[in-house]
Amino acid sequence: MKKGIAMLLICGMTVMTFMSGCSQDNGADGSGSAEGETIEAKTLLESTDYDVKDYVTLMDDYMNLSVELDSDYEVTEAAVNDYIENSVLPYYPVYTKGDKTTVESGDVVNIDYTGTLNGEEFDGGSATGYNLTIGSGSFIDGFEDGLIGANVGDSLDLNLTFPEDYPSEDMAGKDVVFHVTVNGIMNASDATLDTIDDAYVTQNFSAYGLSTVDDLNTYFTSALTSQYESEKQNDLQTKVMEQLVSGCTVELPEGLLDERTQQVIDQTQAAAEEAGVTYEEYISTYYGYSTEDEFKTFVTETLQEQLEQELILEAIVADQDISINTVDFDNFVSNYVSYYGFDDADAFYEAYGGEAFVQLSYAENIAYQNVMDAADTTVAEQSAE
């Protein structure tokens, strides 16, 4: 049986994003690159110890599905404006200097500060015109409390120590001095698209390379376009798979479900041991199940559905004789390793059941994409609301 502990091809997973990015030059069989070797479907399917054709009967018209999407997923100017105004600008108020002169907890204080270690400025420890909410916990212990009682115009030195567990090893546990000037105590007001200007964008979004209102609109138009395209892809994936599952006949090979269930349980037990808690505590905390039997039932039912999907896609790989190109596959693995922080490809293969299993899963995603590309899509009628 396959040794995969987790599937790479469940609807909506990031793997589909990588597929579209790494194999965009592929033909229908996934072998469109000029370089690299070709691994044929027959070889890919040898990673199983069963013949998938004995267990799956594909629906006759699986390459001619009709799918009604929930939305047209069109990015309109109104949608961009609404997103910026309601999901972005509230986090970046407009600050104006008030009449208050003495800093108290809860105040927003505009400061210049310079941090030094052994008398030398350190990276990331200085800023000018920074708006800090006193009591927010944004800075290390003692910084914000050290400003309480200061007056506008005051300059003061804060002798502080970075925590031992600070993420930067260069600064963890180090004694430092912050020289701080209090420029003013600020009043905050909501920003709107009607009131912001280029100076506002530069002040709040320069870290993203934005300096004008037009830059801001362009940035979030692009972001929403990516988000909507992802949502569209997820919608299409889900509905295509629903039709495949309902239209195909699947019988699981004997013992496969039990094996996969035990693999997940073994993996979960190992995770509990690594976390230093009991298995019962782990499944209760992370899955909400109070007994081992309840958790096993949950795992079995979930894997039953996943395995049916997996075998359908394997059957399509066989039916379409899908092959993969090793250069495209290696690019996919490289992206996946980088995105999820694996040490290397070998660690990725170990986590997902071995290289042969990952190669077959990659081919299954090509099969999945082929079916989605061939589907006739329409948009559901939208309500006035």
# chains A, B, ... in the order shown; residues from 1 in each chain; ligands from 1
>>> residues_around(residues="Thr116 of chain A", least_positions_apart="5", cutoff="12 Å", atoms="only C-alpha atoms", output="ChimeraX atom specification")
/A:121-126,157-162,171,174-180
>>> residues_around(residues="Asp51 of chain A", least_positions_apart="2", cutoff="12 Å", atoms="only C-alpha atoms", output="list in words")
Met1, Lys42, Leu44, Leu45, Glu46, Ser47, Thr48, Asp49, Lys53, Asp54, Tyr55, Val56, Glu251, Leu252, Pro253, Leu311, Glu314, Ala315 and Ala318 of chain A
>>> write_last_selection(atoms="C-alpha atoms", output="JSON list (two decimals), in the first residue's frame")
[["chain", "number", "residue", "atom", "x", "y", "z"],
["A", 1, "MET", "CA", 0.00, 0.00, 0.00],
["A", 42, "LYS", "CA", 2.45, 3.05, -15.85],
["A", 44, "LEU", "CA", 3.81, 6.28, -11.60],
["A", 45, "LEU", "CA", 1.02, 3.85, -10.79],
["A", 46, "GLU", "CA", 3.52, 1.20, -9.72],
["A", 47, "SER", "CA", 3.81, 3.07, -6.40],
["A", 48, "THR", "CA", 0.57, 1.29, -5.45],
["A", 49, "ASP", "CA", 0.22, -2.46, -4.99],
["A", 53, "LYS", "CA", -8.83, -0.01, -12.79],
["A", 54, "ASP", "CA", -10.07, -2.92, -10.67],
["A", 55, "TYR", "CA", -11.50, -0.55, -8.08],
["A", 56, "VAL", "CA", -12.80, 2.50, -9.97],
["A", 251, "GLU", "CA", -14.30, 0.38, -4.08],
["A", 252, "LEU", "CA", -11.35, 0.74, -1.75],
["A", 253, "PRO", "CA", -8.66, -1.96, -1.91],
["A", 311, "LEU", "CA", -8.49, 6.63, -6.39],
["A", 314, "GLU", "CA", -5.49, 7.75, -10.05],
["A", 315, "ALA", "CA", -8.00, 6.20, -12.41],
["A", 318, "ALA", "CA", -4.43, 5.73, -15.97]]
>>> select_by_dssp(residues="segment 200-334 of chain A", states="strand (DSSP E or B)", output="PyMOL selection string")
chain A and resi 249-250+324-325
>>> residues_around(residues="Thr202 of chain A", least_positions_apart="5", cutoff="7 Å", atoms="only C-alpha atoms", output="MDAnalysis selection string")
chainID A and resid 210:212
>>> residues_around(residues="Ser189 of chain A", least_positions_apart="4", cutoff="10 Å", atoms="only C-alpha atoms", output="list in words")
Pro90, Tyr92, Pro93, Val94, Tyr95 and Thr96 of chain A
>>> residues_around(residues="segment 222-229 of chain A", least_positions_apart="6", cutoff="10 Å", atoms="only C-alpha atoms", output="list in words")
Ser71, Asp72, Tyr73, Glu74, Val75, Thr76, Ala79, Val80, Tyr83 and Asp235 of chain A
>>> closest_residue(among="A:Tyr352, A:Tyr336, A:Tyr166, A:Tyr362", to="Phe139 of chain A", atoms="only C-alpha atoms")
A:Tyr166
>>> select_by_dssp(residues="segment 170-255 of chain A", states="alpha helix (DSSP H)", output="VMD selection string")
chain A and resid 198 to 205 213 to 247
>>> decode(residues="segment 45-57 of chain A", atoms="C-alpha atoms", output="tab-separated table (two decimals), in the first residue's frame")
chain	number	residue	atom	x	y	z
A	45	LEU	CA	1.02	3.85	-10.79
A	46	GLU	CA	3.52	1.20	-9.72
A	47	SER	CA	3.81	3.07	-6.40
A	48	THR	CA	0.57	1.29	-5.45
A	49	ASP	CA	0.22	-2.46	-4.99
A	50	TYR	CA	-3.17	-2.58	-6.69
A	51	ASP	CA	-4.51	-1.94	-10.16
A	52	VAL	CA	-6.76	1.10	-9.80
A	53	LYS	CA	-8.83	-0.01	-12.79
A	54	ASP	CA	-10.07	-2.92	-10.67
A	55	TYR	CA	-11.50	-0.55	-8.08
A	56	VAL	CA	-12.80	2.50	-9.97
A	57	THR	CA	-15.33	2.86	-12.75
